[in-house]
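As provided, structure_23.tsv (TSV, C-alpha atoms (C1' of nucleotides)) reads as follows.
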```tsv
chain	number	residue	atom	x	y	z
A	24	MET	CA	35.30	-0.14	1.13
A	25	PRO	CA	35.65	-1.31	4.73
A	26	ARG	CA	34.55	-4.80	5.48
A	27	SER	CA	31.92	-3.66	8.00
A	28	SER	CA	30.09	-1.63	5.35
A	29	MET	CA	29.90	-4.59	3.00
A	30	ARG	CA	28.45	-6.52	5.87
A	31	ASN	CA	25.93	-3.83	6.63
A	32	GLU	CA	24.85	-3.79	3.01
A	33	GLN	CA	24.04	-7.48	3.16
A	34	VAL	CA	22.23	-7.07	6.45
A	35	ALA	CA	20.22	-4.21	4.97
A	36	ASP	CA	19.09	-6.47	2.14
A	37	GLN	CA	18.27	-9.32	4.47
A	38	LEU	CA	16.24	-7.12	6.77
A	39	HIS	CA	14.36	-5.66	3.81
A	40	ALA	CA	13.43	-9.09	2.49
A	41	ALA	CA	12.52	-10.29	5.97
A	42	ALA	CA	10.23	-7.31	6.59
A	43	ILE	CA	8.41	-7.81	3.27
A	44	ARG	CA	7.91	-11.49	3.94
A	45	LEU	CA	6.77	-11.03	7.49
A	46	LEU	CA	4.12	-8.47	6.59
A	47	ARG	CA	2.80	-10.61	3.75
A	48	PHE	CA	2.76	-13.54	6.16
A	49	LEU	CA	0.71	-11.67	8.75
A	50	ARG	CA	-1.55	-9.63	6.50
A	51	LYS	CA	-4.25	-12.25	6.18
A	52	GLU	CA	-4.56	-12.63	9.93
A	53	ASP	CA	-4.86	-8.89	10.37
A	54	ALA	CA	-7.55	-8.78	7.73
A	55	ALA	CA	-9.47	-11.52	9.52
A	56	ALA	CA	-9.38	-9.42	12.70
A	57	GLY	CA	-11.36	-6.71	10.88
A	58	VAL	CA	-8.59	-4.12	10.80
A	59	THR	CA	-5.72	-3.54	8.45
A	60	PRO	CA	-2.08	-3.54	9.54
A	61	ALA	CA	-1.78	0.24	9.31
A	62	GLN	CA	-4.92	0.69	11.41
A	63	LEU	CA	-3.66	-1.77	13.97
A	64	SER	CA	-0.34	-0.01	14.14
A	65	ALA	CA	-1.98	3.37	14.72
A	66	LEU	CA	-4.24	1.93	17.40
A	67	SER	CA	-1.18	0.48	19.07
A	68	VAL	CA	0.54	3.86	19.14
A	69	LEU	CA	-2.57	5.42	20.69
A	70	ALA	CA	-2.94	2.62	23.20
A	71	PHE	CA	0.63	2.82	24.47
A	72	GLY	CA	1.51	6.43	23.67
A	73	GLY	CA	-1.73	7.96	24.87
A	74	PRO	CA	-4.00	10.50	23.12
A	75	GLN	CA	-2.31	12.79	20.62
A	76	THR	CA	-2.99	15.12	17.73
A	77	LEU	CA	-3.29	13.90	14.16
A	78	GLY	CA	0.00	15.51	13.26
A	79	ALA	CA	1.83	13.86	16.13
A	80	LEU	CA	0.32	10.51	15.24
A	81	ALA	CA	1.38	10.93	11.62
A	82	ALA	CA	4.92	11.74	12.74
A	83	ALA	CA	5.00	8.77	15.10
A	84	GLU	CA	3.84	6.52	12.29
A	85	GLN	CA	6.19	8.18	9.82
A	86	VAL	CA	3.47	9.05	7.33
A	87	LYS	CA	2.18	12.36	5.99
A	88	PRO	CA	-0.83	14.12	7.52
A	89	PRO	CA	-3.25	13.33	4.66
A	90	THR	CA	-2.54	9.63	5.07
A	91	MET	CA	-3.21	9.77	8.78
A	92	SER	CA	-6.25	11.96	8.25
A	93	GLN	CA	-7.86	9.28	6.12
A	94	LEU	CA	-6.81	6.50	8.46
A	95	VAL	CA	-8.19	8.27	11.52
A	96	GLY	CA	-11.39	9.02	9.61
A	97	THR	CA	-11.90	5.32	9.03
A	98	LEU	CA	-11.05	4.40	12.61
A	99	GLU	CA	-13.44	7.06	13.89
A	100	SER	CA	-16.29	5.85	11.69
A	101	LEU	CA	-15.65	2.38	13.08
A	102	GLY	CA	-15.84	3.72	16.62
A	103	LEU	CA	-12.30	2.67	17.41
A	104	VAL	CA	-10.96	6.15	18.15
A	105	CYS	CA	-12.56	9.46	19.15
A	106	ARG	CA	-11.54	13.12	18.90
A	107	LYS	CA	-11.45	15.60	21.75
A	108	PRO	CA	-11.16	19.14	20.39
A	109	LEU	CA	-8.21	21.18	21.65
A	110	ASP	CA	-9.09	24.32	19.75
A	111	ARG	CA	-11.06	24.87	16.57
A	112	ARG	CA	-8.46	23.46	14.25
A	113	SER	CA	-7.03	20.45	16.08
A	114	SER	CA	-8.09	17.61	18.33
A	115	GLN	CA	-6.57	14.96	20.47
A	116	ILE	CA	-7.21	11.51	19.12
A	117	ALA	CA	-7.79	8.78	21.69
A	118	ILE	CA	-8.42	5.07	21.41
A	119	THR	CA	-11.85	3.91	22.59
A	120	ARG	CA	-12.63	0.84	24.62
A	121	ARG	CA	-13.77	-0.91	21.46
A	122	GLY	CA	-10.54	0.09	19.78
A	123	ARG	CA	-8.56	-1.40	22.59
A	124	GLN	CA	-10.54	-4.61	22.50
A	125	LEU	CA	-10.10	-4.89	18.75
A	126	MET	CA	-6.38	-4.32	19.03
A	127	GLU	CA	-6.13	-7.13	21.55
A	128	ALA	CA	-8.16	-9.38	19.27
A	129	GLY	CA	-5.81	-8.58	16.40
A	130	ARG	CA	-2.85	-9.41	18.55
A	131	LYS	CA	-4.40	-12.77	19.35
A	132	ARG	CA	-5.02	-13.52	15.67
A	133	ARG	CA	-1.43	-12.82	14.79
A	134	LEU	CA	-0.40	-14.98	17.70
A	135	ALA	CA	-2.31	-17.90	16.29
A	136	LYS	CA	-0.23	-17.80	13.16
A	137	LEU	CA	3.14	-16.54	14.26
A	138	SER	CA	3.43	-18.28	17.58
A	139	ARG	CA	3.10	-21.68	15.92
A	140	ALA	CA	6.16	-20.71	13.95
A	141	LEU	CA	7.92	-19.25	16.96
A	142	ASP	CA	7.11	-22.28	19.11
A	143	ALA	CA	9.26	-24.36	16.80
A	144	LEU	CA	12.27	-22.22	17.67
A	145	PRO	CA	14.45	-22.60	20.75
A	146	ALA	CA	14.14	-19.89	23.40
A	147	ASP	CA	17.45	-18.26	22.56
A	148	GLN	CA	16.37	-17.67	18.97
A	149	ILE	CA	13.11	-16.12	20.09
A	150	ASP	CA	15.22	-13.85	22.30
A	151	LYS	CA	17.22	-12.83	19.28
A	152	LEU	CA	14.08	-11.98	17.36
A	153	ALA	CA	12.78	-9.91	20.24
A	154	GLN	CA	16.06	-8.04	20.53
A	155	ALA	CA	16.22	-7.51	16.79
A	156	ALA	CA	12.69	-6.08	16.79
A	157	GLY	CA	13.73	-3.63	19.47
A	158	LEU	CA	16.79	-2.60	17.52
A	159	ILE	CA	14.81	-2.05	14.35
A	160	VAL	CA	12.26	0.12	16.09
A	161	ALA	CA	15.09	2.09	17.71
A	162	ILE	CA	17.04	2.77	14.55
A	163	THR	CA	13.95	3.70	12.55
A	164	ASP	CA	12.59	5.93	15.29
A	165	PRO	CA	12.07	9.47	13.96
A	166	ILE	CA	12.86	10.88	17.41
A	167	SER	CA	16.31	9.35	17.70
B	16	MET	CA	-1.41	-20.35	29.15
B	17	PRO	CA	2.27	-21.30	29.26
B	18	ARG	CA	4.73	-18.51	29.83
B	19	SER	CA	6.45	-19.11	26.49
B	20	SER	CA	3.26	-18.42	24.55
B	21	MET	CA	2.74	-15.12	26.32
B	22	ARG	CA	6.26	-14.28	25.38
B	23	ASN	CA	5.71	-15.26	21.79
B	24	GLU	CA	2.65	-13.06	21.61
B	25	GLN	CA	4.72	-10.06	22.63
B	26	VAL	CA	7.46	-10.95	20.19
B	27	ALA	CA	4.87	-11.29	17.44
B	28	ASP	CA	3.67	-7.78	18.14
B	29	GLN	CA	7.17	-6.38	18.28
B	30	LEU	CA	8.16	-8.00	15.01
B	31	HIS	CA	5.01	-6.72	13.36
B	32	ALA	CA	5.70	-3.15	14.45
B	33	ALA	CA	9.35	-3.46	13.50
B	34	ALA	CA	8.52	-4.71	10.00
B	35	ILE	CA	6.05	-1.88	9.38
B	36	ARG	CA	8.54	0.73	10.53
B	37	LEU	CA	11.42	-0.70	8.59
B	38	LEU	CA	9.51	-0.76	5.31
B	39	ARG	CA	8.26	2.78	5.77
B	40	PHE	CA	11.82	3.78	6.62
B	41	LEU	CA	13.23	2.25	3.43
B	42	ARG	CA	10.44	2.98	1.00
B	43	LYS	CA	11.67	6.40	-0.01
B	44	GLU	CA	15.10	5.06	-0.91
B	45	ASP	CA	13.55	2.31	-3.01
B	46	ALA	CA	11.45	4.87	-4.84
B	47	ALA	CA	14.54	6.94	-5.57
B	48	ALA	CA	16.16	3.87	-7.12
B	49	GLY	CA	13.38	3.73	-9.74
B	50	VAL	CA	11.78	0.51	-8.56
B	51	THR	CA	9.20	-0.26	-5.92
B	52	PRO	CA	9.87	-2.59	-2.99
B	53	ALA	CA	7.75	-5.38	-4.45
B	54	GLN	CA	9.57	-5.11	-7.79
B	55	LEU	CA	12.92	-5.15	-6.07
B	56	SER	CA	11.92	-8.20	-4.08
B	57	ALA	CA	10.82	-10.08	-7.19
B	58	LEU	CA	14.04	-9.15	-9.01
B	59	SER	CA	15.98	-10.43	-6.04
B	60	VAL	CA	14.18	-13.78	-6.17
B	61	LEU	CA	14.95	-14.06	-9.88
B	62	ALA	CA	18.56	-13.03	-9.40
B	63	PHE	CA	19.29	-15.57	-6.69
B	64	GLY	CA	16.72	-18.26	-7.46
B	65	GLY	CA	17.18	-18.26	-11.23
B	66	PRO	CA	14.54	-18.15	-14.00
B	67	GLN	CA	11.12	-19.48	-13.11
B	68	THR	CA	7.51	-19.44	-14.20
B	69	LEU	CA	5.10	-16.74	-13.17
B	70	GLY	CA	3.24	-19.15	-10.91
B	71	ALA	CA	6.42	-20.25	-9.15
B	72	LEU	CA	7.46	-16.66	-8.69
B	73	ALA	CA	4.06	-15.78	-7.25
B	74	ALA	CA	4.37	-18.69	-4.82
B	75	ALA	CA	7.90	-17.71	-3.84
B	76	GLU	CA	6.73	-14.18	-3.16
B	77	GLN	CA	3.58	-15.40	-1.42
B	78	VAL	CA	1.23	-13.46	-3.65
B	79	LYS	CA	-1.52	-14.55	-6.07
B	80	PRO	CA	-0.88	-15.03	-9.78
B	81	PRO	CA	-2.74	-11.88	-10.91
B	82	THR	CA	-0.57	-9.79	-8.63
B	83	MET	CA	2.59	-11.28	-10.04
B	84	SER	CA	1.24	-11.05	-13.58
B	85	GLN	CA	0.90	-7.31	-13.27
B	86	LEU	CA	4.24	-6.94	-11.53
B	87	VAL	CA	6.06	-8.95	-14.19
B	88	GLY	CA	4.28	-6.97	-16.90
B	89	THR	CA	5.69	-3.78	-15.46
B	90	LEU	CA	9.17	-5.23	-15.04
B	91	GLU	CA	9.09	-6.54	-18.60
B	92	SER	CA	8.02	-3.18	-20.03
B	93	LEU	CA	10.93	-1.65	-18.14
B	94	GLY	CA	13.29	-4.20	-19.67
B	95	LEU	CA	14.23	-5.60	-16.28
B	96	VAL	CA	13.01	-9.15	-16.92
B	97	CYS	CA	12.30	-11.20	-20.05
B	98	ARG	CA	10.15	-14.23	-20.85
B	99	LYS	CA	11.34	-17.42	-22.54
B	100	PRO	CA	8.32	-19.47	-23.65
B	101	LEU	CA	8.16	-23.02	-22.35
B	102	ASP	CA	4.98	-23.95	-24.20
B	103	ARG	CA	2.14	-21.84	-25.48
B	104	ARG	CA	0.69	-21.09	-22.09
B	105	SER	CA	3.68	-20.51	-19.83
B	106	SER	CA	7.13	-18.97	-19.86
B	107	GLN	CA	10.19	-18.83	-17.77
B	108	ILE	CA	10.86	-15.37	-16.42
B	109	ALA	CA	14.49	-14.34	-16.17
B	110	ILE	CA	16.19	-11.19	-14.90
B	111	THR	CA	18.02	-9.18	-17.54
B	112	ARG	CA	21.39	-7.52	-17.20
B	113	ARG	CA	19.68	-4.18	-16.69
B	114	GLY	CA	17.46	-5.74	-14.05
B	115	ARG	CA	20.47	-7.00	-12.21
B	116	GLN	CA	22.18	-3.62	-12.40
B	117	LEU	CA	19.08	-1.88	-11.13
B	118	MET	CA	18.77	-4.32	-8.25
B	119	GLU	CA	22.34	-3.57	-7.24
B	120	ALA	CA	21.65	0.14	-7.46
B	121	GLY	CA	18.62	-0.27	-5.21
B	122	ARG	CA	20.71	-2.18	-2.74
B	123	LYS	CA	23.21	0.67	-2.67
B	124	ARG	CA	20.46	3.24	-2.10
B	125	ARG	CA	19.14	1.33	0.86
B	126	LEU	CA	22.65	1.00	2.15
B	127	ALA	CA	23.07	4.75	2.16
B	128	LYS	CA	20.20	5.10	4.57
B	129	LEU	CA	20.28	1.95	6.63
B	130	SER	CA	23.99	1.52	6.98
B	131	ARG	CA	24.34	4.90	8.65
B	132	ALA	CA	21.96	3.57	11.25
B	133	LEU	CA	23.68	0.18	11.41
B	134	ASP	CA	27.13	1.73	11.67
B	135	ALA	CA	26.11	3.23	14.98
B	136	LEU	CA	25.51	-0.23	16.39
B	137	PRO	CA	28.19	-2.53	17.78
B	138	ALA	CA	29.07	-5.57	15.71
B	139	ASP	CA	27.30	-8.03	17.97
B	140	GLN	CA	24.00	-6.21	17.52
B	141	ILE	CA	24.40	-6.21	13.76
B	142	ASP	CA	24.98	-9.93	14.05
B	143	LYS	CA	21.73	-10.27	15.93
B	144	LEU	CA	19.87	-8.37	13.23
B	145	ALA	CA	21.36	-10.57	10.52
B	146	GLN	CA	20.44	-13.72	12.39
B	147	ALA	CA	16.95	-12.41	13.07
B	148	ALA	CA	16.45	-11.63	9.38
B	149	GLY	CA	17.43	-15.19	8.54
B	150	LEU	CA	15.03	-16.59	11.12
B	151	ILE	CA	12.16	-14.47	9.82
B	152	VAL	CA	12.72	-15.56	6.25
B	153	ALA	CA	12.93	-19.17	7.40
B	154	ILE	CA	9.72	-19.16	9.44
B	155	THR	CA	7.74	-17.34	6.75
B	156	ASP	CA	9.07	-19.52	3.97
B	157	PRO	CA	6.16	-21.22	2.16
B	158	ILE	CA	8.39	-24.21	1.46
B	159	SER	CA	9.18	-25.01	5.07
C	20	DT	C1'	-11.47	-37.18	-28.52
C	21	DC	C1'	-12.92	-34.46	-25.38
C	22	DA	C1'	-13.58	-33.22	-20.55
C	23	DC	C1'	-10.87	-31.52	-17.14
C	24	DA	C1'	-6.82	-29.52	-15.22
C	25	DC	C1'	-3.57	-25.96	-15.52
C	26	DA	C1'	-1.18	-21.22	-16.56
C	27	DG	C1'	-1.94	-16.91	-17.04
C	28	DT	C1'	-4.67	-12.53	-18.01
C	29	DT	C1'	-8.49	-9.25	-17.54
C	30	DA	C1'	-11.71	-6.69	-14.82
C	31	DG	C1'	-12.92	-4.50	-10.90
C	32	DG	C1'	-12.16	-3.13	-6.14
C	33	DC	C1'	-9.78	-1.68	-1.78
C	34	DA	C1'	-5.97	0.00	1.42
C	35	DA	C1'	-2.07	2.78	2.07
C	36	DC	C1'	0.83	5.74	0.52
C	37	DC	C1'	2.12	10.31	-1.83
C	38	DT	C1'	2.10	15.67	-3.51
C	39	DA	C1'	-0.29	19.89	-4.37
C	40	DA	C1'	-3.56	22.90	-3.19
C	41	DC	C1'	-6.99	24.45	-0.18
C	42	DT	C1'	-9.66	26.06	4.28
C	43	DA	C1'	-9.78	27.49	8.69
C	44	DT	C1'	-7.66	28.92	12.82
C	45	DC	C1'	-4.31	30.89	15.80
C	46	DT	C1'	-0.81	34.40	17.10
C	47	DG	C1'	2.82	37.91	17.35
C	48	DG	C1'	4.38	42.26	16.29
C	49	DA	C1'	3.66	47.00	14.18
D	4	DT	C1'	-6.21	46.36	17.04
D	5	DC	C1'	-5.50	43.73	13.17
D	6	DC	C1'	-3.48	41.39	9.64
D	7	DA	C1'	0.65	38.53	7.77
D	8	DG	C1'	2.38	34.46	8.39
D	9	DA	C1'	2.60	30.10	10.66
D	10	DT	C1'	0.07	26.01	11.84
D	11	DA	C1'	-3.45	21.95	11.62
D	12	DG	C1'	-5.98	19.46	9.01
D	13	DT	C1'	-8.77	18.18	4.75
D	14	DT	C1'	-9.71	17.56	-0.18
D	15	DA	C1'	-8.44	16.14	-4.75
D	16	DG	C1'	-6.15	13.26	-7.60
D	17	DG	C1'	-2.67	9.77	-8.55
D	18	DT	C1'	0.33	5.34	-7.86
D	19	DT	C1'	1.41	0.75	-6.07
D	20	DG	C1'	0.32	-3.61	-4.26
D	21	DC	C1'	-2.67	-6.62	-3.06
D	22	DC	C1'	-7.16	-9.32	-3.58
D	23	DT	C1'	-11.32	-12.33	-5.82
D	24	DA	C1'	-14.05	-13.68	-9.71
D	25	DA	C1'	-14.35	-14.72	-14.16
D	26	DC	C1'	-12.30	-15.60	-18.42
D	27	DT	C1'	-9.08	-17.46	-22.41
D	28	DG	C1'	-6.24	-20.56	-24.21
D	29	DT	C1'	-3.37	-24.80	-23.84
D	30	DG	C1'	-2.11	-29.37	-22.56
D	31	DT	C1'	-3.29	-34.26	-21.34
D	32	DG	C1'	-5.08	-38.70	-19.81
D	33	DA	C1'	-8.78	-42.01	-19.73
```
Render the structure in this file as structure tokens.
Amino acid sequence: MPRSSMRNEQVADQLHAAAIRLLRFLRKEDAAAGVTPAQLSALSVLAFGGPQTLGALAAAEQVKPPTMSQLVGTLESLGLVCRKPLDRRSSQIAITRRGRQLMEAGRKRRLAKLSRALDALPADQIDKLAQAAGLIVAITDPIS
Amino acid sequence: MPRSSMRNEQVADQLHAAAIRLLRFLRKEDAAAGVTPAQLSALSVLAFGGPQTLGALAAAEQVKPPTMSQLVGTLESLGLVCRKPLDRRSSQIAITRRGRQLMEAGRKRRLAKLSRALDALPADQIDKLAQAAGLIVAITDPIS
DNA sequence: TCACACAGTTAGGCAACCTAACTATCTGGA
DNA sequence: TCCAGATAGTTAGGTTGCCTAACTGTGTGA
């Protein structure tokens, strides 16, 4: 086995553990914001990716349609997204003003917790985290 | 608001999104290995941190005792951990040989998926991911 | 010795996933 | 024209992982 693959195996483990810890760390803050992490993530996709169909949103979030169907149902009943029919079997889902506001509020809540931790780090380490986040999103992107 | 805090807010968001994506990306492989991510994480703590009480394990994993109680119950029924009574109300929980084997198998499954992605990256970017993982674990560590 | 602290479990509930099966709609080719 | 098949989404039912509240049983110090 080449040395680089052994290394990658370790990195895979470390990233896995780090992701689990980070989400547990942030979950409480998300809950306090009145939305769950999955809801926040979907709102974020709609905010930055624009209106899209349920199927596209499910693909972007890497979940199956029934999961997204339920999630969007909840968000709609909360007035955070709305549907604009395309034809009689599908709609475009768009974030509402309230949804956008709530997403910003959630971001601020997370900030309160995570930025205290980040503030303790030197700028170059924060850079590394930012770059790492970008890399992770890139390599887990269903499009790529 | 100082510039660094604005920056940290963005990094917080990016890390959050990255963690969600990474776990969704890896979940299927964990399932194929016959253990769930939370189980794998607990086994990992026991493998590297040594035997410990249920309460300590819950604290290490940043979950509440009932959560860990159920998780350990499952792992025990699968023969992946065992309990050694300390007194009549608490035990030390230790990973078994089978638990260790299964953890290694899970690691290999994740490798199969993630390392293909990592292999496409230059070594310096893999370094960044490894360092970032270490930073995340450090800043979300309940002990620190 | 006995009241309180401590360790863990039980009960009940919710969010986020999944697969399988279904409904309804659209569309292309005979 | 029209219907077979593809497509979009929902419903039904199940699992895992997390929580709080309430409980049981055990240990301990004043």
Can you list, as an MDAnalysis selection string, every protein, DNA or RNA residue that comes within 10 Å of segment 30-33 of chain C when you count only C-alpha atoms (C1' of nucleotides), leaving out same-chain residues fewer than 5 positions away? chainID D and resid 21:26
Would you list the contacts of DA24 of chain C as a ChimeraX atom specification, taking every protein, DNA or RNA residue within 12 Å and counting all atoms listed in the file, but skipping same-chain residues closer than 6 positions in sequence? /D:29-32
Could you work out which residues of chain A fall inside 9 Å of chain B? Count all atoms listed in the file, and format the result as a PyMOL selection string. chain A and resi 27-28+30-49+60-61+64+84-86+130-131+133-135+137-138+140-142+146+148-160+162-164
Distance-based interface of chain B with chain D, 12 Å, counting only C-alpha atoms (C1' of nucleotides), as number ranges by chain: B: 42, 46, 50-54, 77-86, 89, 101-105
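Going from atom C1' of DC45 of chain C to atom CA of Gly73 of chain A covers 24.8 Å.
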Just to confirm, what's the straight-line distance from atom CA of Met118 of chain B to atom CA of Asp45 of chain B in Å (one decimal)? 9.9 Å
Same-sequence superposition of chain A onto chain B, all C-alpha, as a short mmCIF file (atom, residue, chain, number, x, y, z; two decimals) with C-alpha atoms, keeping the file's coordinate frame:
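Dumped to part.cif:
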```cif
data_model
loop_
_atom_site.label_atom_id
_atom_site.label_comp_id
_atom_site.auth_asym_id
_atom_site.auth_seq_id
_atom_site.Cartn_x
_atom_site.Cartn_y
_atom_site.Cartn_z
CA MET A 24 -1.53 -20.13 29.29
CA PRO A 25 2.13 -21.15 29.38
CA ARG A 26 4.63 -18.42 29.92
CA SER A 27 6.39 -19.09 26.59
CA SER A 28 3.20 -18.38 24.63
CA MET A 29 2.71 -15.05 26.35
CA ARG A 30 6.25 -14.26 25.40
CA ASN A 31 5.70 -15.28 21.82
CA GLU A 32 2.65 -13.06 21.64
CA GLN A 33 4.72 -10.05 22.64
CA VAL A 34 7.45 -10.97 20.20
CA ALA A 35 4.86 -11.32 17.45
CA ASP A 36 3.66 -7.79 18.13
CA GLN A 37 7.17 -6.40 18.27
CA LEU A 38 8.16 -8.04 15.02
CA HIS A 39 5.00 -6.75 13.34
CA ALA A 40 5.68 -3.18 14.43
CA ALA A 41 9.34 -3.48 13.48
CA ALA A 42 8.51 -4.76 9.99
CA ILE A 43 6.04 -1.91 9.36
CA ARG A 44 8.52 0.68 10.51
CA LEU A 45 11.41 -0.73 8.57
CA LEU A 46 9.51 -0.81 5.29
CA ARG A 47 8.26 2.74 5.75
CA PHE A 48 11.82 3.74 6.58
CA LEU A 49 13.23 2.22 3.40
CA ARG A 50 10.41 2.95 0.98
CA LYS A 51 11.65 6.37 -0.04
CA GLU A 52 15.09 5.04 -0.92
CA ASP A 53 13.58 2.29 -3.02
CA ALA A 54 11.44 4.82 -4.82
CA ALA A 55 14.50 6.93 -5.57
CA ALA A 56 16.15 3.88 -7.14
CA GLY A 57 13.35 3.78 -9.73
CA VAL A 58 11.77 0.54 -8.54
CA THR A 59 9.26 -0.24 -5.86
CA PRO A 60 9.95 -2.60 -2.96
CA ALA A 61 7.81 -5.37 -4.43
CA GLN A 62 9.59 -5.09 -7.78
CA LEU A 63 12.96 -5.15 -6.08
CA SER A 64 11.98 -8.19 -4.09
CA ALA A 65 10.87 -10.07 -7.20
CA LEU A 66 14.05 -9.14 -9.03
CA SER A 67 16.02 -10.43 -6.08
CA VAL A 68 14.24 -13.78 -6.20
CA LEU A 69 14.99 -14.05 -9.93
CA ALA A 70 18.59 -13.02 -9.46
CA PHE A 71 19.34 -15.57 -6.76
CA GLY A 72 16.75 -18.25 -7.52
CA GLY A 73 17.22 -18.27 -11.27
CA PRO A 74 14.58 -18.13 -14.04
CA GLN A 75 11.15 -19.47 -13.14
CA THR A 76 7.53 -19.45 -14.21
CA LEU A 77 5.11 -16.74 -13.14
CA GLY A 78 3.30 -19.16 -10.88
CA ALA A 79 6.48 -20.24 -9.14
CA LEU A 80 7.52 -16.64 -8.68
CA ALA A 81 4.13 -15.78 -7.21
CA ALA A 82 4.44 -18.69 -4.79
CA ALA A 83 7.97 -17.70 -3.82
CA GLU A 84 6.78 -14.16 -3.17
CA GLN A 85 3.66 -15.40 -1.41
CA VAL A 86 1.27 -13.48 -3.63
CA LYS A 87 -1.48 -14.58 -6.01
CA PRO A 88 -0.86 -15.04 -9.74
CA PRO A 89 -2.75 -11.89 -10.84
CA THR A 90 -0.56 -9.78 -8.59
CA MET A 91 2.60 -11.28 -10.01
CA SER A 92 1.23 -11.06 -13.53
CA GLN A 93 0.88 -7.31 -13.21
CA LEU A 94 4.23 -6.93 -11.50
CA VAL A 95 6.05 -8.95 -14.15
CA GLY A 96 4.24 -6.96 -16.85
CA THR A 97 5.67 -3.76 -15.43
CA LEU A 98 9.15 -5.21 -15.03
CA GLU A 99 9.05 -6.51 -18.59
CA SER A 100 7.98 -3.16 -20.01
CA LEU A 101 10.89 -1.63 -18.13
CA GLY A 102 13.26 -4.16 -19.66
CA LEU A 103 14.23 -5.57 -16.30
CA VAL A 104 13.00 -9.11 -16.93
CA CYS A 105 12.28 -11.16 -20.07
CA ARG A 106 10.13 -14.20 -20.85
CA LYS A 107 11.31 -17.38 -22.54
CA PRO A 108 8.32 -19.44 -23.66
CA LEU A 109 8.16 -23.01 -22.35
CA ASP A 110 4.99 -23.93 -24.17
CA ARG A 111 2.12 -21.84 -25.45
CA ARG A 112 0.67 -21.05 -22.07
CA SER A 113 3.68 -20.47 -19.82
CA SER A 114 7.12 -18.93 -19.87
CA GLN A 115 10.21 -18.80 -17.78
CA ILE A 116 10.85 -15.35 -16.43
CA ALA A 117 14.49 -14.29 -16.19
CA ILE A 118 16.18 -11.16 -14.93
CA THR A 119 18.01 -9.13 -17.58
CA ARG A 120 21.37 -7.47 -17.24
CA ARG A 121 19.63 -4.14 -16.73
CA GLY A 122 17.46 -5.72 -14.08
CA ARG A 123 20.50 -6.97 -12.27
CA GLN A 124 22.19 -3.60 -12.45
CA LEU A 125 19.08 -1.86 -11.15
CA MET A 126 18.78 -4.30 -8.28
CA GLU A 127 22.36 -3.58 -7.28
CA ALA A 128 21.69 0.15 -7.49
CA GLY A 129 18.66 -0.28 -5.25
CA ARG A 130 20.72 -2.20 -2.77
CA LYS A 131 23.23 0.64 -2.70
CA ARG A 132 20.49 3.23 -2.10
CA ARG A 133 19.14 1.31 0.84
CA LEU A 134 22.67 0.98 2.12
CA ALA A 135 23.07 4.72 2.14
CA LYS A 136 20.20 5.06 4.54
CA LEU A 137 20.27 1.92 6.61
CA SER A 138 23.98 1.47 6.98
CA ARG A 139 24.32 4.87 8.63
CA ALA A 140 21.92 3.53 11.22
CA LEU A 141 23.64 0.17 11.41
CA ASP A 142 27.09 1.77 11.69
CA ALA A 143 26.02 3.26 14.99
CA LEU A 144 25.47 -0.23 16.39
CA PRO A 145 28.16 -2.51 17.79
CA ALA A 146 29.07 -5.55 15.70
CA ASP A 147 27.30 -8.02 17.95
CA GLN A 148 23.99 -6.21 17.50
CA ILE A 149 24.38 -6.19 13.74
CA ASP A 150 24.98 -9.94 14.03
CA LYS A 151 21.73 -10.28 15.90
CA LEU A 152 19.86 -8.40 13.21
CA ALA A 153 21.37 -10.58 10.52
CA GLN A 154 20.44 -13.74 12.40
CA ALA A 155 16.95 -12.45 13.08
CA ALA A 156 16.46 -11.68 9.38
CA GLY A 157 17.44 -15.24 8.56
CA LEU A 158 15.04 -16.62 11.11
CA ILE A 159 12.17 -14.53 9.82
CA VAL A 160 12.73 -15.61 6.25
CA ALA A 161 12.93 -19.23 7.42
CA ILE A 162 9.74 -19.23 9.44
CA THR A 163 7.76 -17.39 6.77
CA ASP A 164 9.07 -19.60 3.98
CA PRO A 165 6.16 -21.26 2.16
CA ILE A 166 8.34 -24.30 1.45
CA SER A 167 9.14 -25.09 5.07
#
```
Given all atoms listed in the file as the basis, pick out the residue of C:DT20, C:DT28, C:DT46, C:DT38 nearest to chain B.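 That would be C:DT28, the residue with the smallest distance to chain B.
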In Å, rounded to a single decimal, give me how far atom CA of Arg112 of chain B is from atom CA of Val96 of chain B.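 Between these atoms lies a distance of 8.5 Å.
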Go through chain C and flag each residue having an atom no more than 12 Å from chain B; for those, report the closest pair of atoms plus their distance in Å to one decimal, using all atoms listed in the file, ordered by chain and rising number, as JSON lines.
```
{"residue": "C:DC25", "atom": "C1'", "partner": "B:Arg104", "partner_atom": "CA", "distance": 9.2}
{"residue": "C:DA26", "atom": "C1'", "partner": "B:Arg104", "partner_atom": "CA", "distance": 5.8}
{"residue": "C:DG27", "atom": "C1'", "partner": "B:Arg104", "partner_atom": "CA", "distance": 7.1}
{"residue": "C:DT28", "atom": "C1'", "partner": "B:Pro81", "partner_atom": "CA", "distance": 7.4}
{"residue": "C:DT29", "atom": "C1'", "partner": "B:Pro81", "partner_atom": "CA", "distance": 9.2}
{"residue": "C:DA30", "atom": "C1'", "partner": "B:Pro81", "partner_atom": "CA", "distance": 11.1}
{"residue": "C:DA35", "atom": "C1'", "partner": "B:Arg39", "partner_atom": "CA", "distance": 11.0}
{"residue": "C:DC36", "atom": "C1'", "partner": "B:Arg39", "partner_atom": "CA", "distance": 9.6}
{"residue": "C:DC37", "atom": "C1'", "partner": "B:Lys43", "partner_atom": "CA", "distance": 10.5}
```
Expected file: the selected residues, C-alpha atoms (C1' of nucleotides), as a compact mmCIF listing (two decimals), keeping the file's coordinate frame:
```txt
# COMPACT_ATOMS: atom_id res chain seq x y z
C1' DC C 25 -3.57 -25.96 -15.52
C1' DA C 26 -1.18 -21.22 -16.56
C1' DG C 27 -1.94 -16.91 -17.04
C1' DT C 28 -4.67 -12.53 -18.01
C1' DT C 29 -8.49 -9.25 -17.54
C1' DA C 30 -11.71 -6.69 -14.82
C1' DA C 35 -2.07 2.78 2.07
C1' DC C 36 0.83 5.74 0.52
C1' DC C 37 2.12 10.31 -1.83
```
